[in-house]
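Novice: Sharing protein-v7.txt, compact mmCIF, C-alpha atoms:
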# COMPACT_ATOMS: atom_id res chain seq x y z
CA MET A 1305 78.15 118.31 82.03
CA ALA A 1306 77.84 117.42 85.70
CA PHE A 1307 75.88 114.31 84.78
CA ILE A 1308 78.52 113.24 82.30
CA ILE A 1309 81.25 113.68 84.91
CA ILE A 1310 79.35 111.66 87.50
CA THR A 1311 78.70 108.94 84.92
CA ILE A 1312 82.36 108.71 83.97
CA VAL A 1313 83.40 108.62 87.62
CA GLY A 1314 80.80 105.94 88.23
CA ILE A 1315 82.13 103.84 85.34
CA ILE A 1316 85.70 104.21 86.60
CA LEU A 1317 84.63 103.30 90.14
CA PHE A 1318 82.69 100.27 88.89
CA ALA A 1319 85.65 99.12 86.80
CA GLY A 1320 87.94 99.59 89.78
CA ILE A 1321 85.70 97.50 92.02
CA GLY A 1322 85.52 94.84 89.33
CA MET A 1323 89.29 94.70 89.06
CA TRP A 1324 89.58 94.54 92.86
CA LEU A 1325 87.14 91.63 93.05
CA PHE A 1326 88.98 89.91 90.20
CA LYS A 1327 92.30 90.32 91.99
CA MET A 1328 90.88 89.16 95.31
CA LYS A 1329 89.49 86.02 93.67
CA ILE A 1330 92.92 85.26 92.26
CA ILE A 1331 95.00 86.40 95.22
CA ARG A 1332 92.93 84.93 98.05
CA ALA A 1333 93.51 81.35 96.98
CA GLY A 1334 93.43 79.83 100.50
CA PRO A 1335 96.01 77.93 102.55
CA LYS A 1336 96.57 75.29 99.86
CA TYR A 1337 98.23 77.95 97.72
CA ILE A 1338 101.32 77.78 99.97
CA ILE A 1339 101.62 74.06 99.24
CA GLN A 1340 101.20 74.78 95.54
CA PHE A 1341 103.83 77.53 95.60
CA ILE A 1342 106.36 75.32 97.38
CA THR A 1343 105.62 72.47 94.99
CA GLU A 1344 106.16 74.67 91.93
CA ASN A 1345 109.34 76.28 93.25
CA THR A 1346 111.25 73.40 94.80
CA GLN A 1347 113.48 72.61 91.83
CA ASN A 1348 114.38 76.22 91.07
CA LYS A 1349 115.12 76.75 94.77
CA ARG A 1350 113.21 80.02 94.96
CA ALA A 1351 111.43 78.71 98.06
CA ALA A 1352 112.29 76.78 101.20
CA LEU A 1353 110.06 75.45 103.96
CA SER A 1354 110.82 73.69 107.23
CA ILE A 1355 108.14 72.63 109.70
CA HIS A 1356 108.55 70.71 112.94
CA TYR A 1357 105.46 69.47 114.76
CA ASN A 1358 105.90 67.97 118.24
CA GLY A 1359 109.56 67.36 117.49
CA THR A 1360 108.87 65.58 114.17
CA LYS A 1361 110.05 66.89 110.80
CA TRP A 1362 106.81 67.64 109.01
CA ALA A 1363 108.30 69.40 105.98
CA ASP A 1364 111.89 69.88 104.90
CA ILE A 1365 112.07 71.48 101.46
CA ASN A 1366 115.36 73.17 100.41
CA ALA A 1367 116.07 73.44 104.14
CA ASP A 1368 119.81 74.03 103.60
CA GLU A 1369 119.38 76.69 100.91
CA LEU A 1370 120.71 80.13 101.89
CA LEU A 1371 118.05 82.75 101.14
CA PRO A 1372 117.68 86.45 102.07
CA LEU A 1373 115.90 86.87 105.40
CA ALA A 1374 114.58 90.42 105.09
CA SER A 1375 113.12 91.51 108.47
CA THR A 1376 112.92 87.98 109.84
CA VAL A 1377 116.58 88.49 110.78
CA LYS A 1378 115.33 90.83 113.54
CA ILE A 1379 114.67 87.74 115.66
CA ILE A 1380 118.44 87.57 116.21
CA VAL A 1381 118.56 91.19 117.39
CA ALA A 1382 115.62 90.51 119.73
CA ILE A 1383 117.41 87.53 121.29
CA GLU A 1384 120.58 89.55 121.87
CA TYR A 1385 118.51 92.38 123.37
CA ALA A 1386 116.94 89.92 125.85
CA ARG A 1387 120.29 88.31 126.62
CA GLN A 1388 121.95 91.62 127.44
CA ALA A 1389 118.93 92.78 129.45
CA ALA A 1390 119.05 89.58 131.50
CA GLU A 1391 122.76 90.09 132.19
CA GLY A 1392 122.26 93.73 133.18
CA LYS A 1393 124.34 95.07 130.29
CA ILE A 1394 121.46 97.25 129.11
CA ASP A 1395 118.48 98.76 130.91
CA PRO A 1396 115.15 98.04 129.15
CA ASN A 1397 113.62 101.00 131.01
CA GLN A 1398 116.19 103.49 129.75
CA LEU A 1399 114.44 106.27 127.87
CA VAL A 1400 115.25 106.73 124.19
CA LEU A 1401 114.48 110.01 122.44
CA LEU A 1402 112.49 109.48 119.26
CA GLU A 1403 114.76 111.97 117.54
CA GLU A 1404 117.65 109.56 118.17
CA LEU A 1405 115.80 106.98 116.12
CA ASP A 1406 115.32 109.49 113.31
CA THR A 1407 119.03 109.14 112.56
CA PHE A 1408 118.33 105.68 111.17
CA TYR A 1409 114.98 106.45 109.56
CA ILE A 1410 114.68 107.02 105.83
CA PRO A 1411 111.06 107.82 104.88
CA ASN A 1412 109.32 105.68 102.25
CA THR A 1413 111.70 102.75 102.62
CA ASP A 1414 109.89 100.61 105.20
CA GLY A 1415 106.28 100.54 104.06
CA GLY A 1416 105.31 103.04 106.74
CA ALA A 1417 106.37 100.72 109.57
CA HIS A 1418 108.26 103.28 111.65
CA GLU A 1419 105.55 105.93 111.43
CA ALA A 1420 102.88 103.34 112.27
CA TRP A 1421 104.83 102.36 115.38
CA ILE A 1422 105.18 105.98 116.52
CA ASN A 1423 101.48 106.64 115.88
CA GLY A 1424 100.61 103.62 117.97
CA LEU A 1425 102.66 104.66 120.99
CA ASP A 1426 100.67 105.51 124.12
CA ASN A 1427 97.38 105.26 122.21
CA GLY A 1428 98.50 107.87 119.71
CA LYS A 1429 99.38 110.53 122.29
CA LEU A 1430 102.29 112.80 121.52
CA THR A 1431 105.49 111.56 123.10
CA THR A 1432 109.15 112.44 122.74
CA SER A 1433 110.76 109.39 124.35
CA VAL A 1434 110.08 105.71 124.98
CA PRO A 1435 111.75 102.95 127.03
CA LEU A 1436 114.30 100.83 125.20
CA SER A 1437 111.94 97.87 125.62
CA GLU A 1438 109.38 99.66 123.42
CA VAL A 1439 112.03 100.17 120.74
CA ALA A 1440 112.58 96.40 120.71
CA LYS A 1441 108.85 95.72 120.60
CA GLY A 1442 108.46 98.14 117.69
CA MET A 1443 111.22 96.32 115.83
CA ILE A 1444 109.26 93.06 116.00
CA ALA A 1445 105.58 94.09 115.97
CA TYR A 1446 105.91 96.90 113.40
CA SER A 1447 109.20 95.84 111.79
CA SER A 1448 110.79 99.27 112.15
CA ASN A 1449 114.15 99.27 110.38
CA ALA A 1450 115.18 102.43 112.25
CA ASN A 1451 114.60 100.69 115.59
CA THR A 1452 116.66 97.74 114.36
CA ASP A 1453 119.70 99.81 113.41
CA TYR A 1454 119.40 101.76 116.67
CA LEU A 1455 119.44 98.50 118.63
CA ILE A 1456 122.45 97.36 116.62
CA ARG A 1457 124.17 100.52 117.85
CA VAL A 1458 123.17 99.88 121.49
CA LEU A 1459 123.85 96.13 121.58
CA GLY A 1460 126.97 96.10 119.43
CA LEU A 1461 127.33 94.35 116.08
CA MET A 1462 130.14 92.13 117.35
CA GLU A 1463 127.98 90.88 120.23
CA ILE A 1464 125.06 90.17 117.88
CA ASN A 1465 127.22 88.20 115.47
CA ASN A 1466 128.89 86.35 118.35
CA LEU A 1467 125.40 85.19 119.32
CA LEU A 1468 125.07 83.70 115.83
CA LYS A 1469 128.30 81.76 116.34
CA SER A 1470 127.12 80.43 119.70
CA LEU A 1471 123.89 79.19 118.13
CA GLU A 1472 125.97 77.12 115.68
CA ILE A 1473 123.69 77.72 112.71
CA ASP A 1474 124.22 78.47 109.04
CA HIS A 1475 123.77 82.24 109.01
CA GLU A 1476 125.52 85.17 107.36
CA PRO A 1477 126.69 88.05 109.61
CA LEU A 1478 124.33 90.90 110.37
CA TYR A 1479 125.11 94.48 109.37
CA PRO A 1480 123.10 97.76 109.57
CA ILE A 1481 120.44 97.39 106.87
CA VAL A 1482 119.36 101.05 106.75
CA SER A 1483 122.91 102.31 106.37
CA ALA A 1484 123.36 99.97 103.40
CA LEU A 1485 120.77 102.01 101.52
CA PHE A 1486 123.25 104.91 101.54
CA ILE A 1487 125.99 102.98 99.69
CA PRO A 1488 124.80 104.04 96.18
CA LEU A 1489 124.92 107.74 97.14
CA GLN A 1490 128.29 107.24 98.79
CA LEU A 1491 129.64 105.72 95.55
CA MET A 1492 128.24 108.56 93.47
CA ASN A 1493 129.67 111.28 95.74
CA GLU A 1494 133.07 109.77 96.46
CA GLU A 1495 133.83 108.31 93.03
CA ASN A 1496 131.84 110.72 90.84
CA LEU A 1497 129.86 107.91 89.20
CA SER A 1498 126.71 108.09 87.10
CA LYS A 1499 123.58 106.22 88.16
CA ARG A 1500 124.34 103.45 85.67
CA GLU A 1501 127.93 103.17 86.90
CA VAL A 1502 126.73 103.10 90.53
CA TYR A 1503 124.50 100.12 89.80
CA HIS A 1504 127.30 98.28 88.01
CA VAL A 1505 129.80 98.84 90.85
CA LEU A 1506 127.21 97.98 93.47
CA LYS A 1507 126.22 94.74 91.74
CA HIS A 1508 129.79 93.51 91.45
CA MET A 1509 131.00 94.68 94.86
CA SER A 1510 132.21 91.90 97.16
CA MET A 1511 130.00 91.09 100.12
CA ASP A 1512 132.84 91.86 102.52
CA GLU A 1513 133.24 95.37 101.10
CA TYR A 1514 129.47 95.88 101.06
CA ARG A 1515 129.16 95.00 104.75
CA LYS A 1516 132.17 97.15 105.63
CA ARG A 1517 130.70 100.17 103.85
CA ALA A 1518 127.35 99.73 105.61
CA ILE A 1519 129.07 99.48 109.00
CA ASP A 1520 131.27 102.53 108.32
CA ILE A 1521 128.24 104.58 107.29
CA HIS A 1522 126.41 103.43 110.43
CA HIS A 1523 129.23 104.69 112.65
CA LYS A 1524 129.44 108.00 110.77
CA TRP A 1525 125.71 108.53 111.19
CA ILE A 1526 126.01 108.14 114.97
CA LYS A 1527 128.37 111.13 115.08
CA ASN A 1528 126.93 113.06 112.14
CA PRO A 1529 123.31 112.09 111.32
CA PRO A 1530 122.24 112.42 107.67
CA SER A 1531 120.20 115.49 106.81
CA ASN A 1532 116.72 115.29 105.33
CA GLN A 1533 118.20 116.50 102.06
CA THR A 1534 120.68 113.61 102.08
CA LYS A 1535 117.84 111.16 102.71
CA LYS A 1536 115.95 112.59 99.73
CA GLN A 1537 119.05 112.09 97.60
CA ILE A 1538 119.18 108.45 98.69
CA LEU A 1539 115.59 107.89 97.65
CA LYS A 1540 116.26 109.21 94.14
CA LEU A 1541 118.82 106.44 93.60
CA LEU A 1542 116.70 103.57 94.86
CA ASN A 1543 115.23 102.38 91.58
CA MET A 1544 114.08 98.75 91.29
CA LYS A 1545 117.46 97.53 90.01
CA VAL A 1546 119.27 99.04 93.00
CA GLN A 1547 116.58 97.76 95.36
CA LYS A 1548 117.13 94.26 93.93
CA VAL A 1549 120.83 94.44 94.75
CA TRP A 1550 120.00 95.61 98.29
CA SER A 1551 117.46 92.80 98.67
CA ASP A 1552 119.84 90.13 97.36
CA ARG A 1553 122.58 91.27 99.78
CA LEU A 1554 120.46 91.14 102.93
CA PRO A 1555 121.75 88.59 105.48
CA ARG A 1556 120.90 85.04 104.42
CA SER A 1557 120.19 81.89 106.33
CA THR A 1558 118.30 78.62 105.97
CA THR A 1559 114.89 77.44 107.11
CA LYS A 1560 116.67 74.59 108.89
CA SER A 1561 118.63 77.11 110.95
CA TYR A 1562 115.57 79.17 111.81
CA VAL A 1563 113.52 76.17 112.87
CA SER A 1564 116.42 75.38 115.21
CA ILE A 1565 116.16 78.92 116.65
CA LEU A 1566 112.38 78.70 116.90
CA ASP A 1567 112.65 75.42 118.80
CA LYS A 1568 114.82 77.18 121.38
CA LEU A 1569 112.24 79.95 121.73
CA ASN A 1570 109.33 77.51 121.89
CA ARG A 1571 110.71 75.08 124.49
CA LYS A 1572 112.17 77.80 126.71
CA THR A 1573 114.99 75.68 128.11
CA TYR A 1574 118.01 76.72 126.02
CA PHE A 1575 118.53 80.22 127.45
CA ASP A 1576 118.49 81.37 131.05
CA ARG A 1577 115.02 81.92 132.51
CA LYS A 1578 115.64 85.67 132.75
CA VAL A 1579 116.37 85.84 129.02
CA TYR A 1580 112.95 84.42 128.24
CA GLN A 1581 111.30 86.92 130.58
CA TYR A 1582 112.61 89.79 128.46
CA LEU A 1583 112.32 87.94 125.15
CA ASN A 1584 108.70 86.85 125.55
CA SER A 1585 107.43 90.41 125.89
CA VAL A 1586 109.12 91.27 122.59
CA MET A 1587 108.59 88.13 120.52
CA GLU A 1588 105.19 87.05 121.82
CA GLN A 1589 103.09 90.18 121.37
CA LEU A 1590 100.54 87.93 119.61
CA MET A 1591 99.57 86.79 123.08
CA ASN A 1592 98.24 90.25 123.93
CA ASN A 1593 95.20 89.27 121.86
CA PRO A 1594 92.53 87.64 124.13
CA ASN A 1595 91.44 85.38 121.24
CA ASN A 1596 94.94 83.89 121.03
CA GLN A 1597 95.02 83.41 124.80
CA LYS A 1598 91.99 81.13 124.56
CA TRP A 1599 93.82 78.37 122.71
CA LEU A 1600 97.55 79.12 122.86
CA LEU A 1601 99.99 78.85 125.76
CA HIS A 1602 102.46 81.00 123.89
CA ALA A 1603 103.35 81.96 120.31
CA GLY A 1604 105.68 84.29 118.47
CA GLN A 1605 106.51 85.18 114.91
CA LYS A 1606 108.45 87.54 112.67
CA GLY A 1607 108.00 88.03 108.98
CA GLY A 1608 109.91 90.02 106.43
CA SER A 1609 109.53 91.25 102.90
CA THR A 1610 111.06 93.33 100.14
CA ALA A 1611 109.72 93.80 96.62
CA PHE A 1612 111.33 90.43 95.82
CA VAL A 1613 111.40 88.49 99.11
CA LEU A 1614 108.88 87.10 101.58
CA THR A 1615 109.91 85.28 104.75
CA MET A 1616 108.15 84.05 107.87
CA ALA A 1617 109.33 82.32 111.04
CA MET A 1618 106.83 81.35 113.75
CA TYR A 1619 106.52 79.10 116.76
CA ALA A 1620 103.56 78.15 118.93
CA THR A 1621 102.52 75.86 121.76
CA ASP A 1622 98.79 75.31 122.10
CA LYS A 1623 96.86 74.42 125.25
CA GLU A 1624 97.09 70.73 124.39
CA ASN A 1625 100.88 71.21 124.46
CA ASN A 1626 101.31 70.67 120.73
CA LYS A 1627 104.46 72.46 119.57
CA THR A 1628 104.97 73.89 116.10
CA GLU A 1629 107.98 75.58 114.53
CA LEU A 1630 107.65 76.84 110.95
CA ALA A 1631 110.00 78.78 108.67
CA LEU A 1632 109.20 79.73 105.07
CA PHE A 1633 111.59 81.72 102.86
CA ALA A 1634 110.87 82.79 99.27
CA ASN A 1635 113.02 84.85 96.91
CA ASN A 1636 112.97 86.34 93.40
CA LEU A 1637 109.21 86.83 93.59
CA SER A 1638 107.04 88.56 91.05
CA TYR A 1639 104.71 91.32 92.25
CA ILE A 1640 101.67 89.02 92.13
CA GLU A 1641 103.49 86.12 93.81
CA ASN A 1642 104.54 88.41 96.65
CA ILE A 1643 101.01 89.70 97.21
CA LYS A 1644 99.52 86.22 96.90
CA LEU A 1645 101.89 84.73 99.46
CA LYS A 1646 101.14 87.56 101.90
CA ALA A 1647 97.40 87.11 101.39
CA ASN A 1648 97.41 83.38 102.13
CA LEU A 1649 100.31 82.75 104.51
CA ASN A 1650 98.46 83.60 107.73
CA GLU A 1651 95.60 81.29 106.77
CA PHE A 1652 98.14 78.55 106.05
CA GLN A 1653 99.71 78.97 109.49
CA LEU A 1654 96.34 78.96 111.23
CA ALA A 1655 95.14 75.91 109.32
CA PHE A 1656 98.32 74.01 110.17
CA LEU A 1657 98.00 74.86 113.87
CA THR A 1658 94.31 74.00 114.21
CA ASP A 1659 93.32 71.46 111.53
CA LYS A 1660 94.67 67.91 111.78
CA ARG A 1661 93.48 67.02 108.27
CA PHE A 1662 95.30 70.02 106.82
CA ARG A 1663 98.48 69.08 108.68
CA GLU A 1664 98.31 65.60 107.15
CA LEU A 1665 97.74 67.12 103.72
CA VAL A 1666 100.84 69.29 104.13
CA LYS A 1667 102.90 66.32 105.21
CA ALA A 1668 101.70 64.06 102.40
CA SER A 1669 102.09 66.70 99.71
CA LEU A 1670 105.52 67.92 100.71
CA THR A 1671 106.98 64.55 101.66
CA SER A 1672 106.35 63.39 98.10
CA ILE A 1673 108.18 66.48 96.78
CA HIS A 1674 111.13 65.90 99.07
CA SER A 1675 111.48 62.33 97.89
CA LEU A 1676 111.72 63.30 94.19
As structure tokens, how would this structure be written, given the file I've shared?
Specialist:
Amino acid sequence: MAFIIITIVGIILFAGIGMWLFKMKIIRAGPKYIIQFITENTQNKRAALSIHYNGTKWADINADELLPLASTVKIIVAIEYARQAAEGKIDPNQLVLLEELDTFYIPNTDGGAHEAWINGLDNGKLTTSVPLSEVAKGMIAYSSNANTDYLIRVLGLMEINNLLKSLEIDHEPLYPIVSALFIPLQLMNEENLSKREVYHVLKHMSMDEYRKRAIDIHHKWIKNPPSNQTKKQILKLLNMKVQKVWSDRLPRSTTKSYVSILDKLNRKTYFDRKVYQYLNSVMEQLMNNPNNQKWLLHAGQKGGSTAFVLTMAMYATDKENNKTELALFANNLSYIENIKLKANLNEFQLAFLTDKRFRELVKASLTSIHSL
């Protein structure tokens, strides 16, 4: 019997490895897959890509199309954090209790980002508080949603959205993204709706009402944090249909707008010098890697994803002073498309930054699409 069990386990393990290798062969398609994906999804406007290289438009596909940003929107929060720190409105060294962040943390809704950030603090040592600057770094490096909503509380939503206005870009207002997850439960409790009715109301709710509800919940949580039981109730309602509504209603912008923002971060002349001092430590954590220091003067990036969305915004200046700004947004993705984009996007970025022939291929391929 033991032999039979081992044999069956061995067969299952072998089949699993075979499937993994099969998937990897399909998924790891290389940097050209990004070109292919953009090419195939230009007309249906599921994807947008803007690239500037040394001040020249290298790619400009669906650049004015409003698409959900997912966590890439956290760049805006990071800029406002740096601006207020530079003006002395906030103290980056002020200690924040981790339990304060728990107010805005709903387990199993961020891909383990918040827990990974906490586990990485002080080399994994137990800690109960961190400087505000570390909260901002965790928002960007680990993409903690809890840190983001906490910073929204500290910085002020009005101030963050006023920053958007001053940047003069095409961008929907920000709102607390974690609190928005509570809207389905709020509808069920307050209006005695079934799960099916909740989805219907949620789907047809105006964006103004949706934002207002998220903001109201955010303020209520500050005074009366949700219990663990309440958070568990929220999770029970977050089926894929509800998640799709949440994903579709995330703040939207355009790749054209984000390349404009990235240019300001890359050239370091738009904001006051002090702003960049605080912003660089948050946005440019890539430069903590000695390998990146060998060939880059500075670089920063922020990506975002949901089950249906993948976004990326990055900027870099290499040691030959070549400047790159790149923003890619994709929406309404299948499971495989999402995984495939994630698996090949970093290689695409690296190839564009380091390989002249690949840059020319990108330009030639996507210029022809744009001219159709």
Novice: Pro1529 (chain A): which residues within 7 Å, counting all atoms listed in the file, same-chain residues fewer than 3 positions away excluded, as a short mmCIF file (atom, residue, chain, number, x, y, z; two decimals) with C-alpha atoms, in the coordinates of the input?
Specialist:
data_model
loop_
_atom_site.label_atom_id
_atom_site.label_comp_id
_atom_site.auth_asym_id
_atom_site.auth_seq_id
_atom_site.Cartn_x
_atom_site.Cartn_y
_atom_site.Cartn_z
CA THR A 1407 119.03 109.14 112.56
CA TRP A 1525 125.71 108.53 111.19
CA ILE A 1526 126.01 108.14 114.97
#
Novice: Fewer than 2 positions away in the same chain doesn't count, so skip those; otherwise give me all residues within 9 Å of Lys1644 (chain A), counting all atoms listed in the file, as a list in words.
Specialist: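 Near Lys1644 (chain A), the qualifying residues are Ile1330, Ile1331, Arg1332, Ala1333, Tyr1337, Tyr1639, Ile1640, Glu1641, Asn1642, Lys1646, Ala1647, Asn1648 and Leu1649 of chain A.
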Novice: Grab the CA of Thr1658 (chain A) to CA of Glu1624 (chain A) distance for me, in Å with one decimal place.
Specialist: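 Taking CA of Thr1658 (chain A) and CA of Glu1624 (chain A), their separation equals 11.0 Å.
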Novice: Rounded to one decimal, what separation in Å do you get between CA of Tyr1446 (chain A) and CA of Ala1417 (chain A)?
Specialist: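 About the pair CA of Tyr1446 (chain A) and CA of Ala1417 (chain A): they are 5.4 Å apart.
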Novice: When you look at Asn1584 (chain A) with a cut-off of 10 Å (counting all atoms listed in the file), what residues show up, excluding the ones that are within fewer than 3 positions of it in the same chain? I need them as a VMD selection string.
Specialist: chain A and resid 1382 to 1383 1386 1569 1572 1579 to 1581 1587 to 1589 1591 1602 to 1604
Novice: Quote the spacing between CA of Ile1422 (chain A) and CA of Ile1380 (chain A) in Å to one decimal place.
Specialist: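 Value for the CA of Ile1422 (chain A)-CA of Ile1380 (chain A) distance: 22.7 Å.
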